[in-house]
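**Q** So here's final.csv, just CSV, C-alpha atoms:
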```csv
chain,number,residue,atom,x,y,z
A,220,MET,CA,0.0,0.0,0.0
A,221,GLN,CA,3.0,2.3,0.4
A,222,HIS,CA,3.1,3.0,-3.4
A,223,SER,CA,-0.7,3.4,-3.9
A,224,TRP,CA,-0.3,7.2,-4.5
A,225,ARG,CA,2.1,6.4,-7.3
A,226,LYS,CA,-0.5,4.0,-8.8
A,227,SER,CA,-3.1,6.6,-8.6
A,228,LEU,CA,-0.9,9.2,-10.4
A,229,THR,CA,0.1,6.7,-13.0
A,230,VAL,CA,-3.5,5.7,-13.8
A,231,ALA,CA,-4.5,9.4,-13.9
A,232,SER,CA,-1.7,10.3,-16.3
A,233,LEU,CA,-2.5,7.3,-18.5
A,234,GLN,CA,-6.1,8.5,-18.6
A,235,GLU,CA,-5.1,12.0,-19.4
A,236,THR,CA,-2.6,11.1,-22.1
A,237,LEU,CA,-5.1,8.7,-23.7
A,238,HIS,CA,-7.8,11.3,-23.7
A,239,LYS,CA,-5.7,14.3,-24.8
A,240,GLY,CA,-2.9,12.7,-26.8
A,241,TYR,CA,-4.4,9.7,-28.5
A,242,GLN,CA,-8.2,9.8,-28.7
A,243,PRO,CA,-8.4,12.9,-30.9
A,244,LYS,CA,-6.1,11.2,-33.5
A,245,LEU,CA,-8.0,7.9,-33.7
A,246,PRO,CA,-10.6,6.9,-36.2
A,247,ALA,CA,-14.2,6.6,-34.8
A,248,GLN,CA,-14.0,2.8,-34.7
A,249,GLU,CA,-10.8,2.8,-32.6
A,250,ARG,CA,-12.3,5.4,-30.3
A,251,LYS,CA,-14.9,2.9,-29.3
A,252,ALA,CA,-12.2,0.3,-28.4
A,253,LEU,CA,-10.4,3.0,-26.4
A,254,LYS,CA,-13.6,3.4,-24.3
A,255,GLN,CA,-12.9,-0.1,-22.9
A,256,ALA,CA,-9.5,1.1,-21.8
A,257,TYR,CA,-11.1,4.1,-20.0
A,258,VAL,CA,-13.5,1.8,-18.1
A,259,TYR,CA,-10.5,-0.4,-17.0
A,260,LEU,CA,-8.4,2.6,-16.0
A,261,LYS,CA,-11.3,4.1,-14.1
A,262,LYS,CA,-11.7,1.0,-12.0
A,263,LYS,CA,-8.0,0.9,-11.3
A,264,ARG,CA,-8.0,4.6,-10.4
A,265,CYS,CA,-10.9,4.3,-8.0
A,266,LYS,CA,-9.2,1.5,-6.2
A,267,ALA,CA,-5.9,3.4,-6.0
A,268,LEU,CA,-7.6,6.5,-4.8
A,269,LYS,CA,-9.3,4.7,-2.0
A,270,GLN,CA,-5.9,3.4,-0.9
A,271,VAL,CA,-4.4,6.9,-0.9
A,272,ARG,CA,-7.3,8.2,1.2
A,273,ASP,CA,-6.9,5.4,3.7
A,274,VAL,CA,-3.2,6.2,4.0
A,275,LEU,CA,-3.8,10.0,4.4
A,276,GLN,CA,-6.5,9.3,7.1
A,277,GLY,CA,-4.4,6.6,8.9
A,278,LYS,CA,-2.7,7.1,12.2
A,279,PRO,CA,0.9,7.2,11.0
A,280,HIS,CA,0.2,10.1,8.6
A,281,GLN,CA,-1.9,12.0,11.2
A,282,LYS,CA,1.0,11.5,13.7
A,283,LEU,CA,3.5,12.8,11.2
A,284,LYS,CA,1.3,15.9,10.5
A,285,GLN,CA,1.0,16.6,14.2
A,286,THR,CA,4.7,16.3,14.8
A,287,LEU,CA,5.5,18.7,11.9
A,288,LYS,CA,3.0,21.2,13.2
A,289,LEU,CA,4.6,21.1,16.6
A,290,TRP,CA,8.1,21.6,15.1
A,291,LEU,CA,6.9,24.5,13.1
A,292,LYS,CA,5.6,26.3,16.2
A,293,LYS,CA,9.1,26.0,17.8
A,294,PRO,CA,11.6,24.9,15.2
A,295,THR,CA,15.1,23.8,16.3
A,296,TYR,CA,18.1,23.9,14.0
A,297,LYS,CA,21.7,22.7,14.1
A,298,GLU,CA,24.7,25.0,14.4
A,299,MET,CA,25.3,25.0,10.6
A,300,ALA,CA,22.0,26.8,10.1
A,301,GLN,CA,23.6,29.9,11.6
A,302,MET,CA,26.0,30.3,8.6
A,303,PRO,CA,25.0,32.5,5.7
A,304,ALA,CA,23.3,30.4,3.0
A,305,ALA,CA,25.6,31.7,0.2
A,306,ALA,CA,28.6,30.3,2.1
A,307,VAL,CA,27.3,26.8,2.3
A,308,LEU,CA,25.1,26.6,-0.8
A,309,PRO,CA,27.7,25.0,-3.1
A,310,ASP,CA,28.3,22.3,-0.5
A,311,LEU,CA,24.6,21.6,-0.2
A,312,LEU,CA,23.9,21.4,-3.9
A,313,LEU,CA,27.1,19.6,-5.1
A,314,PRO,CA,26.4,16.2,-3.6
A,315,ILE,CA,22.9,15.9,-5.1
A,316,VAL,CA,23.9,17.3,-8.5
A,317,SER,CA,26.8,14.9,-8.6
A,318,SER,CA,24.7,11.9,-7.7
A,319,LEU,CA,22.3,12.9,-10.6
A,320,LEU,CA,25.0,13.4,-13.1
A,321,LEU,CA,26.8,10.1,-12.1
A,322,HIS,CA,23.6,8.1,-11.9
A,323,PRO,CA,24.0,4.7,-13.7
A,324,ALA,CA,20.6,5.0,-15.4
A,325,TRP,CA,22.2,7.5,-17.9
A,326,LEU,CA,24.0,4.5,-19.3
A,327,VAL,CA,20.9,2.3,-19.9
A,328,GLY,CA,21.1,1.1,-23.5
A,329,VAL,CA,24.7,2.2,-23.9
A,330,ASP,CA,27.3,-0.4,-24.9
A,331,LEU,CA,30.4,0.7,-23.1
A,332,GLN,CA,32.4,-2.1,-24.8
A,333,ASP,CA,31.8,-0.4,-28.1
A,334,ALA,CA,34.9,1.8,-28.4
A,335,GLY,CA,33.5,3.8,-31.3
A,336,SER,CA,30.6,5.4,-29.5
A,337,GLN,CA,29.2,5.8,-26.0
A,338,THR,CA,25.9,7.1,-27.2
A,339,PRO,CA,22.9,4.7,-27.3
A,340,LYS,CA,22.0,3.1,-30.6
A,341,GLN,CA,18.5,3.5,-32.0
A,342,LEU,CA,16.6,0.8,-30.3
A,343,LYS,CA,13.5,-1.1,-31.6
A,344,PRO,CA,10.4,-1.0,-29.4
A,345,ALA,CA,10.9,-4.6,-28.3
A,346,ALA,CA,14.4,-3.8,-27.1
A,347,VAL,CA,13.2,-0.7,-25.2
A,348,GLU,CA,10.5,-2.8,-23.5
A,349,SER,CA,13.1,-5.4,-22.6
A,350,LEU,CA,15.4,-2.7,-21.1
A,351,LEU,CA,12.5,-1.2,-19.2
A,352,ALA,CA,11.6,-4.6,-17.8
A,353,ILE,CA,15.2,-5.0,-16.6
A,354,ARG,CA,16.2,-1.4,-15.8
A,355,GLY,CA,12.8,0.3,-15.3
A,356,ALA,CA,13.4,0.7,-11.5
A,357,MET,CA,16.8,2.3,-12.2
A,358,ILE,CA,15.3,4.8,-14.7
A,359,HIS,CA,12.5,5.6,-12.2
A,360,ASP,CA,15.2,6.2,-9.5
A,361,LEU,CA,17.0,8.6,-11.9
A,362,ARG,CA,13.7,10.4,-12.4
A,363,LYS,CA,13.2,10.8,-8.6
A,364,GLN,CA,16.8,12.0,-8.3
A,365,ALA,CA,16.2,14.6,-11.0
A,366,LYS,CA,13.1,15.8,-9.1
A,367,ARG,CA,15.0,16.1,-5.9
A,368,VAL,CA,17.7,18.1,-7.6
A,369,ARG,CA,15.2,20.4,-9.2
A,370,TYR,CA,13.3,21.0,-5.9
A,371,GLN,CA,16.6,21.7,-4.1
A,372,MET,CA,17.8,24.0,-6.8
A,373,ASN,CA,14.5,25.9,-6.9
A,374,LEU,CA,14.9,26.8,-3.3
A,375,PHE,CA,18.0,28.9,-4.0
A,376,THR,CA,17.1,30.9,-7.2
A,377,GLU,CA,17.4,34.2,-5.4
A,378,LEU,CA,20.9,33.5,-4.3
A,379,TYR,CA,22.4,32.9,-7.8
A,380,SER,CA,22.5,34.8,-11.1
A,381,PRO,CA,19.6,34.8,-13.5
A,382,ASN,CA,21.4,32.1,-15.5
A,383,TYR,CA,20.7,29.7,-12.6
A,384,LYS,CA,17.0,29.9,-13.3
A,385,ASP,CA,17.6,28.6,-16.8
A,386,TYR,CA,19.3,25.5,-15.2
A,387,VAL,CA,16.3,25.0,-13.0
A,388,GLU,CA,14.0,25.2,-16.0
A,389,ASP,CA,16.2,22.6,-17.7
A,390,MET,CA,16.0,20.4,-14.6
A,391,LYS,CA,12.2,20.6,-14.8
A,392,GLN,CA,12.2,18.9,-18.2
A,393,ILE,CA,14.2,15.8,-17.2
A,394,PRO,CA,11.6,14.1,-15.0
A,395,GLY,CA,9.0,14.6,-17.6
A,396,ILE,CA,11.1,13.0,-20.3
A,397,LEU,CA,12.2,10.2,-18.1
A,398,GLY,CA,8.6,9.5,-17.2
A,399,ASP,CA,7.4,9.6,-20.8
A,400,ILE,CA,9.7,6.7,-21.8
A,401,PRO,CA,8.1,4.0,-19.6
A,402,ARG,CA,4.7,5.6,-19.9
A,403,GLN,CA,4.6,5.1,-23.6
A,404,TYR,CA,5.4,1.4,-23.3
A,405,GLY,CA,3.1,1.1,-20.3
A,406,PHE,CA,0.2,2.3,-22.5
A,407,ARG,CA,0.8,-0.5,-24.9
A,408,ARG,CA,0.9,-3.1,-22.1
A,409,ILE,CA,-2.2,-1.7,-20.4
A,410,LEU,CA,-4.2,-1.3,-23.6
A,411,LYS,CA,-3.4,-4.9,-24.6
A,412,LEU,CA,-4.4,-6.1,-21.2
A,413,CYS,CA,-7.7,-4.3,-20.9
A,414,LEU,CA,-8.7,-4.9,-24.5
A,415,SER,CA,-7.9,-8.6,-24.2
A,416,GLN,CA,-10.1,-8.8,-21.1
A,417,GLY,CA,-12.9,-7.1,-23.0
A,418,THR,CA,-13.5,-4.8,-20.0
```
How does the structure come out when it is put into structure tokens?
**A**
Amino acid sequence: MQHSWRKSLTVASLQETLHKGYQPKLPAQERKALKQAYVYLKKKRCKALKQVRDVLQGKPHQKLKQTLKLWLKKPTYKEMAQMPAAAVLPDLLLPIVSSLLLHPAWLVGVDLQDAGSQTPKQLKPAAVESLLAIRGAMIHDLRKQAKRVRYQMNLFTELYSPNYKDYVEDMKQIPGILGDIPRQYGFRRILKLCLSQGT
């Protein structure tokens, strides 16, 4: 149940992408078949949404909220918090930016044994699906890391030059692109599943 929020978001994004990105381009006959996918996804989303609500109303979440509210009334900081932000900012950002740039998922699909090139070759859909099955969790972890870096960087836009905001904007695009890759192949899998069930 700990990942039910992710399921809800995934189903919601599938519904939205099917509705906005695919449905308008389909012939009328295929739109009817797509309605079966909507029914299937709606059932999945309702189930995931219930799980999310249960988590948010559960005791652990309520206890966390209460603890955070108490801390906000009288926050305590470590000694390092007394230093000027500009003095420690590079040391705060460098580790997370480095872990993003050195993340192994950047090399998914790259043949490092091929001395001629270290760029990924054009892969066929079946090869991409195979890589996602094997390395999907790694790509998802890279996406999460990119989000963390973006959120951290966004906190400090006022302390850097205007060019810094351009970097933050670039960072906003990375999670979207990394999410689109498995999402496109997930659509195929889910559509095949729900259409084969006739639901």
**Q** Pick from A:Pro401, A:Ile393, A:Lys266, A:Pro294: nearest to Leu350 in chain A, with all atoms listed in the file counted?
**A** A:Pro401
**Q** For Met390 in chain A, work out the shell of residues within 9 Å, counting all atoms listed in the file and skipping chain neighbours fewer than 6 positions away, then give it as a PyMOL selection string.
**A** chain A and resi 365-366+368-369+372
**Q** Could you check which of A:Leu374, A:Val316, A:Ile400, A:Val271 is closest to Pro344 in chain A, using all atoms listed in the file?
**A** A:Ile400
**Q** Find the residue from A:Lys262, A:Met357, A:Leu311, A:Gln403 that sits nearest to Phe375 in chain A; use all atoms listed in the file when measuring.
**A**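 For Phe375 in chain A, the nearest of the given residues is A:Leu311.
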**Q** So what do you get for CA of Val327 in chain A versus CA of Lys340 in chain A, distance-wise?
**A**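 Separation between CA of Val327 in chain A and CA of Lys340 in chain A: 10.8 Å.
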**Q** Suppose you want the space between CA of Tyr241 in chain A and CA of Tyr259 in chain A; what is it in Å?
**A**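 Computed distance, CA of Tyr241 in chain A to CA of Tyr259 in chain A, equals 16.5 Å.
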**Q** Report the distance between CA of Pro309 in chain A and CA of Ile396 in chain A in Å, rounded to one decimal place.
**A**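 Between CA of Pro309 in chain A and CA of Ile396 in chain A the gap is 26.7 Å.
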